[in-house]
>>> print(open('input_30.csv').read())   # CSV, C-alpha atoms
chain,number,residue,atom,x,y,z
A,1,MET,CA,231.4,93.0,-39.8
A,2,LYS,CA,231.1,92.5,-43.6
A,3,ASN,CA,232.4,89.9,-45.9
A,4,SER,CA,231.9,90.0,-49.7
A,5,ASN,CA,231.4,86.2,-49.8
A,6,PHE,CA,228.4,86.2,-47.4
A,7,ASP,CA,225.1,88.1,-47.1
A,8,HIS,CA,224.6,88.3,-43.3
A,9,GLU,CA,220.9,89.0,-43.9
A,10,GLU,CA,220.7,85.4,-45.1
A,11,ARG,CA,222.7,84.1,-42.2
A,12,LEU,CA,220.0,84.3,-39.5
A,13,ILE,CA,220.1,82.2,-36.3
A,14,LYS,CA,217.7,79.4,-35.4
A,15,LEU,CA,217.4,78.2,-31.8
A,16,LEU,CA,215.5,75.1,-30.8
A,17,ALA,CA,215.0,73.6,-27.3
A,18,GLY,CA,213.5,70.4,-26.1
A,19,LEU,CA,213.4,68.8,-29.6
A,20,LYS,CA,212.7,65.1,-29.1
A,21,HIS,CA,211.5,63.3,-32.1
A,22,GLU,CA,210.3,65.2,-35.1
A,23,PRO,CA,211.5,68.7,-36.1
A,24,SER,CA,209.0,71.5,-36.8
A,25,GLN,CA,207.9,71.7,-40.4
A,26,ASP,CA,210.2,74.6,-41.3
A,27,PHE,CA,213.2,73.2,-39.6
A,28,ASP,CA,216.0,73.0,-42.2
A,29,GLU,CA,218.1,70.1,-41.0
A,30,ARG,CA,220.8,70.8,-43.6
A,31,PHE,CA,221.6,74.0,-41.7
A,32,TRP,CA,222.7,76.2,-44.6
A,33,LYS,CA,219.6,77.1,-46.6
A,34,ARG,CA,217.3,79.1,-44.3
A,35,PHE,CA,217.3,80.1,-40.7
A,36,GLN,CA,214.8,81.8,-38.4
A,37,ALA,CA,215.0,82.9,-34.8
A,38,TYR,CA,213.0,81.2,-32.1
A,39,LYS,CA,212.6,81.9,-28.4
A,40,TYR,CA,213.4,79.0,-26.1
A,41,ARG,CA,212.1,78.4,-22.6
A,42,ARG,CA,214.9,76.3,-21.1
A,43,MET,CA,218.4,75.3,-21.9
A,44,SER,CA,219.2,71.9,-20.5
A,45,TYR,CA,221.3,69.0,-21.8
A,46,LYS,CA,218.4,68.2,-24.3
A,47,PHE,CA,218.9,71.2,-26.6
A,48,GLY,CA,219.3,72.0,-30.2
A,49,ILE,CA,221.0,75.0,-31.7
A,50,VAL,CA,221.6,75.6,-35.3
A,51,LEU,CA,223.8,78.6,-36.4
A,52,ALA,CA,224.6,79.4,-39.9
A,53,ALA,CA,227.8,80.2,-41.8
A,54,PHE,CA,230.9,80.4,-39.6
A,55,ILE,CA,228.8,79.6,-36.5
A,56,LEU,CA,228.2,76.3,-34.8
A,57,ALA,CA,225.5,73.7,-35.4
A,58,PHE,CA,224.1,71.8,-32.4
A,59,SER,CA,221.7,68.9,-32.4
A,60,THR,CA,219.5,67.7,-29.7
A,61,ALA,CA,219.7,64.1,-28.5
A,62,PRO,CA,218.2,62.1,-30.0
A,63,LEU,CA,217.1,64.1,-33.0
A,64,PHE,CA,215.5,61.2,-35.0
A,65,THR,CA,215.0,58.0,-33.1
A,66,SER,CA,212.9,55.3,-34.7
A,67,ASP,CA,212.5,51.6,-35.2
A,68,HIS,CA,212.8,52.6,-38.9
A,69,PRO,CA,216.0,54.0,-40.2
A,70,VAL,CA,215.9,57.8,-40.5
A,71,ILE,CA,218.3,60.1,-42.3
A,72,GLN,CA,220.1,62.0,-39.5
A,73,ILE,CA,222.7,64.1,-41.3
A,74,THR,CA,223.4,64.8,-45.0
A,75,TYR,CA,226.1,66.7,-46.8
A,76,GLY,CA,226.0,67.3,-50.5
A,77,GLU,CA,223.6,65.6,-52.9
A,78,VAL,CA,221.9,62.7,-51.2
A,79,SER,CA,218.9,61.1,-53.0
A,80,VAL,CA,216.3,58.5,-51.9
A,81,PHE,CA,214.4,56.3,-54.3
A,82,GLY,CA,211.5,54.1,-53.4
A,83,THR,CA,208.5,54.3,-51.1
A,84,SER,CA,209.5,57.1,-48.8
A,85,GLN,CA,209.4,59.9,-51.3
A,86,LYS,CA,209.4,60.6,-55.0
A,87,GLU,CA,212.8,60.4,-56.7
A,88,GLY,CA,215.1,63.3,-55.8
A,89,THR,CA,217.4,64.9,-53.2
A,90,THR,CA,216.4,64.3,-49.6
A,91,LYS,CA,217.2,65.9,-46.3
A,92,PRO,CA,217.4,64.8,-42.6
A,93,GLY,CA,214.3,63.5,-40.9
A,94,LEU,CA,213.1,61.3,-43.7
A,95,ARG,CA,212.1,57.8,-42.5
A,96,LEU,CA,213.2,54.9,-44.7
A,97,ASN,CA,211.2,51.8,-45.5
A,98,PRO,CA,212.0,48.4,-46.9
A,99,GLY,CA,212.6,48.8,-50.6
A,100,ASP,CA,214.1,52.3,-50.3
A,101,ARG,CA,217.5,53.1,-51.8
A,102,VAL,CA,219.9,55.9,-50.7
A,103,LYS,CA,222.5,57.2,-53.1
A,104,THR,CA,225.3,59.7,-52.6
A,105,THR,CA,227.3,61.7,-55.2
A,106,PRO,CA,231.1,61.5,-55.3
A,107,SER,CA,231.7,64.1,-52.5
A,108,ALA,CA,228.4,63.7,-50.6
A,109,TRP,CA,227.7,61.6,-47.5
A,110,ALA,CA,224.9,60.7,-45.1
A,111,VAL,CA,224.3,59.2,-41.7
A,112,VAL,CA,221.3,57.0,-41.1
A,113,GLU,CA,220.1,56.3,-37.5
A,114,PHE,CA,217.5,54.0,-36.0
A,115,ASN,CA,216.5,52.5,-32.6
A,116,GLY,CA,218.9,54.9,-30.8
A,117,ARG,CA,222.7,54.7,-31.3
A,118,TYR,CA,222.6,52.4,-34.3
A,119,ARG,CA,224.1,54.4,-37.2
A,120,ILE,CA,225.2,53.8,-40.7
A,121,LYS,CA,227.4,56.3,-42.5
A,122,ILE,CA,227.0,56.1,-46.3
A,123,ALA,CA,230.3,57.2,-47.9
A,124,PRO,CA,230.6,59.3,-51.1
A,125,ASP,CA,229.6,57.7,-54.4
A,126,SER,CA,227.7,54.9,-52.7
A,127,GLU,CA,224.3,53.2,-52.8
A,128,ILE,CA,222.5,51.2,-50.1
A,129,SER,CA,219.0,49.7,-50.0
A,130,VAL,CA,216.8,48.7,-47.1
A,131,GLN,CA,216.0,45.0,-47.6
A,132,LYS,CA,214.3,44.0,-44.3
A,133,LEU,CA,213.7,45.6,-40.9
A,134,LYS,CA,213.6,43.8,-37.6
A,135,SER,CA,210.3,43.6,-35.9
A,136,LYS,CA,210.1,44.1,-32.1
A,137,MET,CA,207.9,41.0,-31.7
A,138,ARG,CA,210.2,38.6,-33.7
A,139,SER,CA,213.7,37.3,-33.4
A,140,GLU,CA,215.1,38.4,-36.7
A,141,LYS,CA,217.5,41.0,-38.1
A,142,SER,CA,217.6,44.1,-40.2
A,143,VAL,CA,219.2,43.6,-43.6
A,144,PHE,CA,220.7,46.3,-45.9
A,145,GLU,CA,222.2,45.7,-49.3
A,146,LEU,CA,225.3,47.7,-50.3
A,147,LYS,CA,225.0,48.0,-54.1
A,148,LYS,CA,228.0,50.3,-54.6
A,149,GLY,CA,230.7,52.1,-52.6
A,150,ARG,CA,231.2,51.9,-48.8
A,151,VAL,CA,229.4,52.1,-45.5
A,152,LEU,CA,230.5,52.4,-41.9
A,153,VAL,CA,228.3,50.7,-39.3
A,154,SER,CA,228.3,51.7,-35.6
A,155,ILE,CA,226.2,49.7,-33.1
A,156,ASP,CA,226.2,50.5,-29.4
A,157,GLU,CA,228.0,47.7,-27.6
A,158,HIS,CA,225.6,47.9,-24.7
A,159,ARG,CA,222.4,47.7,-26.8
A,160,LYS,CA,222.5,44.7,-29.1
A,161,TYR,CA,220.7,45.0,-32.4
A,162,PRO,CA,221.0,42.3,-35.1
A,163,LEU,CA,222.1,44.0,-38.3
A,164,GLU,CA,223.5,42.6,-41.5
A,165,ILE,CA,225.1,44.3,-44.5
A,166,ARG,CA,225.1,42.4,-47.8
A,167,THR,CA,227.0,43.0,-51.0
A,168,LEU,CA,227.0,41.2,-54.3
A,169,ASN,CA,229.1,38.4,-52.9
A,170,ALA,CA,229.5,38.8,-49.1
A,171,PHE,CA,227.7,39.5,-45.9
A,172,ALA,CA,228.7,41.0,-42.5
A,173,ALA,CA,226.6,40.5,-39.5
A,174,ALA,CA,227.2,42.1,-36.1
A,175,LEU,CA,226.0,42.9,-32.6
A,176,GLY,CA,227.5,45.8,-30.7
A,177,THR,CA,230.4,46.7,-33.0
A,178,GLN,CA,231.9,49.1,-35.5
A,179,PHE,CA,232.9,47.9,-39.0
A,180,MET,CA,233.3,49.0,-42.6
A,181,VAL,CA,232.0,47.3,-45.7
A,182,GLN,CA,233.3,48.0,-49.2
A,183,ALA,CA,231.3,46.7,-52.1
A,184,PRO,CA,233.2,44.9,-55.0
A,185,LEU,CA,234.7,47.4,-57.4
A,186,SER,CA,233.8,44.9,-60.2
A,187,PRO,CA,231.4,42.0,-60.5
A,188,GLN,CA,234.2,39.5,-60.1
A,189,GLY,CA,236.0,41.6,-57.4
A,190,PRO,CA,236.1,40.9,-53.6
A,191,SER,CA,234.2,42.7,-50.9
A,192,GLU,CA,236.2,44.2,-48.1
A,193,ILE,CA,235.2,44.1,-44.4
A,194,SER,CA,237.2,45.8,-41.7
A,195,VAL,CA,236.5,45.8,-38.0
A,196,ALA,CA,237.3,48.7,-35.7
A,197,ARG,CA,235.6,47.4,-32.6
A,198,GLY,CA,233.9,44.2,-31.5
A,199,THR,CA,233.5,41.1,-33.6
A,200,VAL,CA,231.8,40.6,-37.0
A,201,ARG,CA,230.5,37.4,-38.5
A,202,ALA,CA,231.3,37.5,-42.2
A,203,GLY,CA,231.3,35.2,-45.2
A,204,LEU,CA,230.5,34.5,-48.8
A,205,LEU,CA,227.0,35.2,-50.0
A,206,THR,CA,225.7,32.8,-52.6
A,207,GLY,CA,222.4,33.1,-54.3
A,208,GLY,CA,221.3,35.7,-51.7
A,209,PHE,CA,221.9,33.3,-48.8
A,210,ASN,CA,224.7,33.1,-46.3
A,211,SER,CA,225.9,30.1,-44.4
A,212,ASN,CA,226.9,30.0,-40.7
A,213,GLU,CA,229.0,26.9,-41.3
A,214,GLU,CA,231.2,28.7,-43.9
A,215,SER,CA,231.3,32.1,-42.1
A,216,LEU,CA,234.2,33.4,-40.1
A,217,LYS,CA,234.5,35.6,-37.0
A,218,LEU,CA,236.5,38.7,-37.7
A,219,PRO,CA,237.8,40.5,-34.5
A,220,ALA,CA,238.7,44.1,-34.1
A,221,GLY,CA,241.8,45.2,-36.0
A,222,PHE,CA,241.3,42.7,-38.8
A,223,SER,CA,240.0,42.9,-42.3
A,224,ALA,CA,238.8,40.3,-44.8
A,225,HIS,CA,238.6,40.3,-48.6
A,226,ILE,CA,235.7,38.0,-49.6
A,227,GLY,CA,235.3,36.8,-53.1
A,228,ASN,CA,235.7,33.2,-54.3
A,229,ALA,CA,237.4,32.7,-50.9
A,230,ALA,CA,238.0,34.7,-47.7
A,231,GLN,CA,241.4,36.1,-47.0
A,232,THR,CA,242.0,37.8,-43.6
A,233,GLU,CA,244.8,40.1,-42.5
A,234,GLN,CA,245.6,42.2,-39.4
A,235,LEU,CA,245.4,45.9,-40.0
A,236,GLU,CA,248.5,47.9,-39.5
A,237,GLU,CA,248.3,50.2,-36.5
A,238,LYS,CA,248.2,53.3,-38.7
A,239,SER,CA,245.4,51.8,-40.8
A,240,LEU,CA,243.4,50.8,-37.7
A,241,ARG,CA,243.7,54.3,-36.2
A,242,ALA,CA,242.5,55.8,-39.5
A,243,LEU,CA,239.5,53.4,-39.5
A,244,GLN,CA,238.6,54.2,-35.9
A,245,GLU,CA,238.8,57.9,-36.5
A,246,GLN,CA,236.0,57.6,-39.1
A,247,PHE,CA,233.5,56.5,-36.4
A,248,GLN,CA,233.1,59.9,-34.8
A,249,PHE,CA,229.5,59.7,-36.1
A,250,GLY,CA,228.9,56.7,-33.8
A,251,GLN,CA,229.9,58.4,-30.6
A,252,ALA,CA,227.4,59.6,-27.9
A,253,ASN,CA,229.0,63.1,-28.3
A,254,GLN,CA,230.0,64.1,-31.8
A,255,ALA,CA,232.0,66.8,-33.5
A,256,LEU,CA,231.7,66.6,-37.3
A,257,LEU,CA,232.8,69.0,-39.9
A,258,LEU,CA,230.1,69.5,-42.5
A,259,ILE,CA,232.4,69.3,-45.5
A,260,GLY,CA,232.5,66.9,-48.4
A,261,MET,CA,234.7,63.8,-48.7
A,262,GLY,CA,236.4,64.8,-51.9
A,263,PRO,CA,238.9,67.1,-53.6
A,264,LYS,CA,236.9,70.2,-52.8
A,265,ARG,CA,237.0,69.7,-49.0
A,266,LEU,CA,239.6,72.4,-48.5
A,267,ASP,CA,237.5,75.0,-50.3
A,268,GLU,CA,234.5,73.9,-48.2
A,269,LEU,CA,236.6,74.1,-45.0
A,270,LEU,CA,237.7,77.7,-45.7
A,271,ALA,CA,234.2,78.8,-47.1
A,272,PRO,CA,233.9,78.8,-44.0
A,273,CYS,CA,232.5,75.4,-43.0
A,274,ILE,CA,229.8,74.4,-40.4
A,275,LEU,CA,230.7,72.4,-37.3
A,276,TYR,CA,228.0,69.9,-36.2
A,277,LEU,CA,228.0,69.1,-32.5
A,278,ARG,CA,225.7,66.6,-30.8
A,279,PHE,CA,225.5,65.7,-27.1
A,280,GLU,CA,223.4,62.9,-25.7
A,281,HIS,CA,223.9,63.6,-22.0
A,282,GLN,CA,224.7,66.5,-19.6
A,283,SER,CA,228.1,67.9,-20.5
A,284,PRO,CA,230.3,70.6,-19.2
A,285,LEU,CA,231.6,71.1,-22.7
A,286,ALA,CA,228.1,71.6,-24.1
A,287,ALA,CA,227.5,74.3,-21.5
A,288,LYS,CA,230.7,76.1,-22.5
A,289,LEU,CA,229.8,75.9,-26.2
A,290,ILE,CA,226.4,77.4,-25.5
A,291,ASP,CA,228.1,80.4,-23.9
A,292,ILE,CA,230.3,80.8,-27.0
A,293,VAL,CA,227.2,80.6,-29.2
A,294,ARG,CA,225.6,83.4,-27.3
A,295,VAL,CA,228.7,85.5,-27.7
A,296,ILE,CA,228.7,84.8,-31.5
A,297,GLN,CA,225.0,85.7,-31.6
A,298,ASN,CA,225.6,89.1,-30.0
A,299,ALA,CA,228.7,89.7,-32.2
A,300,THR,CA,226.7,89.0,-35.3
A,301,ALA,CA,223.8,91.2,-34.2
A,302,HIS,CA,226.1,94.2,-33.5
A,303,ALA,CA,228.8,93.5,-36.1
A,304,ASN,CA,231.3,93.4,-33.3
A,305,ASN,CA,234.6,92.0,-34.6
A,306,GLU,CA,236.3,92.0,-31.2
A,307,SER,CA,233.5,89.8,-29.8
A,308,HIS,CA,233.9,87.4,-32.7
A,309,LEU,CA,237.7,87.2,-32.0
A,310,ALA,CA,237.0,86.6,-28.3
A,311,ALA,CA,234.6,83.7,-29.3
A,312,ALA,CA,237.2,82.2,-31.6
A,313,ARG,CA,239.9,82.3,-29.0
A,314,GLU,CA,237.7,80.8,-26.3
A,315,LEU,CA,236.7,78.0,-28.7
A,316,GLU,CA,240.4,77.3,-29.5
A,317,LYS,CA,241.2,77.2,-25.8
A,318,ILE,CA,238.3,74.7,-25.2
A,319,SER,CA,239.4,72.6,-28.2
A,320,THR,CA,242.8,71.8,-26.6
A,321,THR,CA,241.6,71.3,-23.0
A,322,GLN,CA,238.5,69.0,-23.5
A,323,ASP,CA,238.4,65.3,-24.0
A,324,GLU,CA,234.7,64.7,-24.7
A,325,VAL,CA,234.9,64.9,-28.5
A,326,ASP,CA,237.6,64.6,-31.1
A,327,SER,CA,239.5,68.0,-31.0
A,328,MET,CA,240.7,67.8,-34.6
A,329,PRO,CA,237.4,69.0,-36.1
A,330,LEU,CA,237.2,71.7,-33.4
A,331,LEU,CA,240.7,73.0,-34.3
A,332,LEU,CA,240.0,72.9,-38.1
A,333,PHE,CA,236.8,74.9,-37.5
A,334,CYS,CA,238.7,77.4,-35.4
A,335,GLY,CA,241.2,77.9,-38.2
A,336,SER,CA,238.3,78.4,-40.6
A,337,TYR,CA,236.7,80.9,-38.2
A,338,TYR,CA,239.9,82.9,-37.9
A,339,HIS,CA,240.3,83.0,-41.7
A,340,TYR,CA,236.7,84.2,-42.0
A,341,LEU,CA,237.5,87.0,-39.6
A,342,GLY,CA,240.5,88.0,-41.7
A,343,LYS,CA,243.0,86.8,-39.1
A,344,ASN,CA,245.1,84.5,-41.4
A,345,ASP,CA,248.1,84.5,-39.1
A,346,GLU,CA,245.9,83.0,-36.4
A,347,ALA,CA,244.3,80.6,-38.8
A,348,GLU,CA,247.7,79.4,-40.0
A,349,ARG,CA,248.9,78.9,-36.5
A,350,VAL,CA,245.8,76.8,-35.6
A,351,PHE,CA,246.0,74.7,-38.7
A,352,LEU,CA,249.6,73.9,-38.0
A,353,LYS,CA,248.7,73.1,-34.3
A,354,ALA,CA,246.1,70.7,-35.6
A,355,ALA,CA,248.6,69.0,-37.9
A,356,GLU,CA,251.2,68.8,-35.1
A,357,THR,CA,248.9,67.5,-32.4
A,358,HIS,CA,247.1,65.0,-34.6
A,359,ALA,CA,249.9,63.3,-36.5
A,360,SER,CA,247.9,60.2,-37.3
A,361,SER,CA,244.6,61.9,-38.2
A,362,SER,CA,243.2,61.5,-41.7
A,363,PHE,CA,242.5,65.2,-41.6
A,364,ARG,CA,246.2,66.1,-41.2
A,365,SER,CA,246.8,66.7,-44.9
A,366,LEU,CA,243.8,69.0,-44.9
A,367,ALA,CA,245.2,71.0,-42.0
A,368,LEU,CA,248.7,71.3,-43.7
A,369,MET,CA,247.2,72.3,-47.0
A,370,ALA,CA,245.0,74.9,-45.4
A,371,ALA,CA,248.0,76.5,-43.8
A,372,ALA,CA,250.0,76.2,-47.0
A,373,ARG,CA,247.3,77.9,-49.1
A,374,LEU,CA,247.0,80.9,-46.8
A,375,MET,CA,250.8,81.2,-46.6
A,376,SER,CA,251.2,81.0,-50.4
A,377,ASP,CA,249.5,84.4,-50.7
A,378,VAL,CA,252.1,86.1,-48.5
A,379,GLU,CA,255.5,86.8,-50.2
A,380,GLU,CA,257.6,86.3,-47.1
A,381,LYS,CA,255.8,83.0,-46.3
A,382,LYS,CA,255.9,81.4,-49.7
A,383,ASP,CA,259.0,79.3,-48.9
A,384,GLU,CA,257.2,77.9,-45.8
A,385,ALA,CA,254.1,77.1,-47.9
A,386,TYR,CA,256.4,75.3,-50.4
A,387,GLN,CA,257.9,73.2,-47.6
A,388,LEU,CA,254.4,72.2,-46.3
A,389,ALA,CA,253.3,71.3,-49.9
A,390,LYS,CA,256.3,69.1,-50.4
A,391,LEU,CA,255.5,67.4,-47.1
A,392,ILE,CA,252.0,66.6,-48.3
A,393,THR,CA,253.2,65.2,-51.6
A,394,ARG,CA,255.7,63.0,-49.8
A,395,GLU,CA,253.6,61.8,-46.9
A,396,TYR,CA,250.1,62.0,-48.4
A,397,PRO,CA,250.4,61.3,-52.1
A,398,GLN,CA,246.9,59.7,-52.2
A,399,SER,CA,245.1,62.5,-50.2
A,400,TYR,CA,242.6,64.9,-51.7
A,401,GLU,CA,245.1,67.7,-51.1
A,402,SER,CA,247.9,66.1,-53.0
A,403,LYS,CA,247.0,67.7,-56.4
A,404,GLU,CA,246.9,71.2,-55.1
A,405,ALA,CA,250.2,70.6,-53.1
A,406,LYS,CA,251.9,69.4,-56.3
A,407,GLU,CA,250.7,72.4,-58.2
A,408,LEU,CA,252.0,74.7,-55.4
A,409,VAL,CA,255.4,73.0,-55.4
A,410,LEU,CA,255.7,73.3,-59.2
A,411,ARG,CA,254.7,76.9,-59.3
A,412,TRP,CA,257.2,77.8,-56.6
A,413,GLU,CA,260.0,75.9,-58.2
A,414,ASN,CA,259.3,77.6,-61.5
A,415,GLU,CA,259.5,81.0,-59.8
A,416,LEU,CA,262.9,80.1,-58.3
A,417,ARG,CA,264.2,79.3,-61.8
A,418,LYS,CA,263.4,82.7,-63.1
>>> encode(input="input_30.csv", output="structure tokens")
Amino acid sequence: MKNSNFDHEERLIKLLAGLKHEPSQDFDERFWKRFQAYKYRRMSYKFGIVLAAFILAFSTAPLFTSDHPVIQITYGEVSVFGTSQKEGTTKPGLRLNPGDRVKTTPSAWAVVEFNGRYRIKIAPDSEISVQKLKSKMRSEKSVFELKKGRVLVSIDEHRKYPLEIRTLNAFAAALGTQFMVQAPLSPQGPSEISVARGTVRAGLLTGGFNSNEESLKLPAGFSAHIGNAAQTEQLEEKSLRALQEQFQFGQANQALLLIGMGPKRLDELLAPCILYLRFEHQSPLAAKLIDIVRVIQNATAHANNESHLAAARELEKISTTQDEVDSMPLLLFCGSYYHYLGKNDEAERVFLKAAETHASSSFRSLALMAAARLMSDVEEKKDEAYQLAKLITREYPQSYESKEAKELVLRWENELRK
């Protein structure tokens, strides 16, 4: 099977097994640069598989576990400044030390992990620094300073770890919770703290110090804007669901699309994208996915399009019958896979299925626009594409897909006037 957009000789497969702490020196954690084939002796629940292009990317559990924060996943241009390395773009596996700063570009993101199941996702166009790290021998806390942008923090509720995020004017301290912190958009602006699970102690930060007496306890489903004063409000159900959806990276089993969080995410989805899967315990789903990977390996080796289609169909079937990971990323990946194989009718069907079955997902506008873009290239489907684009402009005017949807609507309406 050939595709003008991809050189299959550069899309080799890399298999890893029993990876526990540090990857081999030539292990490319970003998955899309270089790949080599390895033999593996066993395939148990502690496995790692990385496949390029339209294939799947698996990660062992845990990949990078340390008392120090370690870069777990990166997408796009992520840079580290400080003691850990010279200034420049980084990659997973890098251990962070006090004084280090991590910066992301407008569509890039990164996940930092430490001490097992304690994760911080750094959003696009953000900067965070490591101020202090907890010592095993002392009763203290780890402190990070959010200088710009937004972070999502996930701490396992069964494994307490004192962690505090500080901004220019506020702090958020938590044990066993999931919360989001948004830095002030201006020096005089408020910080925003929203809680998806657990309880967060938050308050005003003055002169680099916080005060327990003036802090407040923020429960799940609430947010606070902290500036000169603290204002709290309960999140609407839709907003709370959208917030909770963003914490896939904090789950024991993960399904993450390796695409940017910006206006080019549809292009990256259809490129096609990579699906990152991570399992931390024995899983029937993991075993099934390993079988699919083997089919894809064989199909790639023999340029067998029918085997590729069989793998895509089996993956779609699994996506709709499992409950171990969020099925939305799986369905979006399936649509991307079908598109890569030249089966756009199947891709459109899966994208529409994803939009229909995940009505509250923040990825719904992406699924709708993916279907609309493919349909807009087919004369007899242009009207349906137009209707989908109108739906996006009406229901998701602030989405990354809104601009393309508006352009499609305008183009079609101009054609109708002719």
>>> residues_near_point(input="input_30.csv", point="(234.0, 78.9, -24.9)", cutoff="12 Å", atoms="all atoms listed in the file", output="ChimeraX atom specification")
/A:56,284-296,307-322,330,334
>>> residues_near_point(input="input_30.csv", point="(224.5, 38.6, -57.7)", cutoff="12 Å", atoms="all atoms listed in the file", output="compact mmCIF listing (two decimals) with C-alpha atoms, keeping the file's coordinate frame")
# COMPACT_ATOMS: atom_id res chain seq x y z
CA GLU A 145 222.20 45.70 -49.30
CA LEU A 146 225.30 47.70 -50.30
CA LYS A 147 225.00 48.00 -54.10
CA ARG A 166 225.10 42.40 -47.80
CA THR A 167 227.00 43.00 -51.00
CA LEU A 168 227.00 41.20 -54.30
CA ASN A 169 229.10 38.40 -52.90
CA ALA A 170 229.50 38.80 -49.10
CA ALA A 183 231.30 46.70 -52.10
CA PRO A 184 233.20 44.90 -55.00
CA SER A 186 233.80 44.90 -60.20
CA PRO A 187 231.40 42.00 -60.50
CA GLN A 188 234.20 39.50 -60.10
CA GLY A 189 236.00 41.60 -57.40
CA LEU A 204 230.50 34.50 -48.80
CA LEU A 205 227.00 35.20 -50.00
CA THR A 206 225.70 32.80 -52.60
CA GLY A 207 222.40 33.10 -54.30
CA GLY A 208 221.30 35.70 -51.70
CA PHE A 209 221.90 33.30 -48.80
CA GLY A 227 235.30 36.80 -53.10
>>> atom_distance(input="input_30.csv", atom1="atom CA of A:Ser360", atom2="atom CA of A:Val409")
23.4 Å
>>> atom_distance(input="input_30.csv", atom1="atom CA of A:Ser376", atom2="atom CA of A:Trp412")
9.2 Å
>>> closest_residue(input="input_30.csv", among="A:Leu185, A:Ala354, A:Pro263, A:Met328", to="A:Ala405", atoms="all atoms listed in the file")
A:Pro263
>>> atom_distance(input="input_30.csv", atom1="atom CA of A:Met375", atom2="atom CA of A:Met261")
23.8 Å
>>> closest_residue(input="input_30.csv", among="A:Met180, A:Leu277, A:Leu216, A:Leu269", to="A:Leu240", atoms="all atoms listed in the file")
A:Met180
>>> residues_around(input="input_30.csv", residues="stretch 73-82 of chain A", least_positions_apart="2", cutoff="6 Å", atoms="only C-alpha atoms", output="PyMOL selection string")
chain A and resi 84+87-90+92+100-105+108-111
>>> closest_residue(input="input_30.csv", among="A:Lys382, A:Arg119, A:Leu243, A:Glu395", to="A:Leu408", atoms="only C-alpha atoms")
A:Lys382
>>> closest_residue(input="input_30.csv", among="A:Leu256, A:Ile155, A:Lys390, A:Pro397", to="A:Arg411", atoms="only C-alpha atoms")
A:Lys390
>>> residues_around(input="input_30.csv", residues="A:Glu113", least_positions_apart="3", cutoff="6 Å", atoms="only C-alpha atoms", output="list in words")
Pro69, Val70, Tyr118 and Arg119 of chain A
>>> write_last_selection(input="input_30.csv", atoms="C-alpha atoms", output="PDB file, in the frame of the given file")
ATOM      1  CA  PRO A  69     216.000  54.000 -40.200  1.00  0.00           C
ATOM      2  CA  VAL A  70     215.900  57.800 -40.500  1.00  0.00           C
ATOM      3  CA  TYR A 118     222.600  52.400 -34.300  1.00  0.00           C
ATOM      4  CA  ARG A 119     224.100  54.400 -37.200  1.00  0.00           C
TER       5      ARG A 119
END
>>> closest_residue(input="input_30.csv", among="A:Ile165, A:Val195, A:Val151, A:Ile226", to="A:Ile120", atoms="only C-alpha atoms")
A:Val151
>>> residues_around(input="input_30.csv", residues="A:Thr393", least_positions_apart="6", cutoff="12 Å", atoms="only C-alpha atoms", output="list in words")
Ser365, Leu368, Met369, Tyr386, Gln387, Ser399, Tyr400, Glu401, Ser402, Lys403, Glu404, Ala405, Lys406, Glu407, Leu408, Val409 and Leu410 of chain A
>>> closest_residue(input="input_30.csv", among="A:Glu306, A:Glu140, A:Glu415, A:Glu233", to="A:Glu192", atoms="only C-alpha atoms")
A:Glu233
>>> build_atoms(input="input_30.csv", residues="stretch 318-326 of chain A", atoms="N, CA and C atoms", output="PDB file, in the frame of the given file")
ATOM      1  N   ILE A 318     239.120  75.887 -25.572  1.00  0.00           N
ATOM      2  CA  ILE A 318     238.300  74.700 -25.200  1.00  0.00           C
ATOM      3  C   ILE A 318     238.728  73.498 -26.010  1.00  0.00           C
ATOM      4  N   SER A 319     239.020  73.720 -27.279  1.00  0.00           N
ATOM      5  CA  SER A 319     239.400  72.600 -28.200  1.00  0.00           C
ATOM      6  C   SER A 319     240.564  71.813 -27.664  1.00  0.00           C
ATOM      7  N   THR A 320     241.504  72.495 -27.048  1.00  0.00           N
ATOM      8  CA  THR A 320     242.800  71.800 -26.600  1.00  0.00           C
ATOM      9  C   THR A 320     242.725  71.372 -25.179  1.00  0.00           C
ATOM     10  N   THR A 321     241.630  71.669 -24.445  1.00  0.00           N
ATOM     11  CA  THR A 321     241.600  71.300 -23.000  1.00  0.00           C
ATOM     12  C   THR A 321     240.478  70.288 -22.716  1.00  0.00           C
ATOM     13  N   GLN A 322     239.635  69.947 -23.703  1.00  0.00           N
ATOM     14  CA  GLN A 322     238.500  69.000 -23.500  1.00  0.00           C
ATOM     15  C   GLN A 322     238.864  67.636 -24.016  1.00  0.00           C
ATOM     16  N   ASP A 323     238.156  66.619 -23.530  1.00  0.00           N
ATOM     17  CA  ASP A 323     238.400  65.300 -24.000  1.00  0.00           C
ATOM     18  C   ASP A 323     237.039  64.557 -24.333  1.00  0.00           C
ATOM     19  N   GLU A 324     235.968  65.328 -24.498  1.00  0.00           N
ATOM     20  CA  GLU A 324     234.700  64.700 -24.700  1.00  0.00           C
ATOM     21  C   GLU A 324     234.420  64.400 -26.203  1.00  0.00           C
ATOM     22  N   VAL A 325     235.035  65.164 -27.098  1.00  0.00           N
ATOM     23  CA  VAL A 325     234.900  64.900 -28.500  1.00  0.00           C
ATOM     24  C   VAL A 325     236.275  65.030 -29.168  1.00  0.00           C
ATOM     25  N   ASP A 326     236.401  64.545 -30.375  1.00  0.00           N
ATOM     26  CA  ASP A 326     237.600  64.600 -31.100  1.00  0.00           C
ATOM     27  C   ASP A 326     237.979  66.120 -31.330  1.00  0.00           C
TER      28      ASP A 326
END
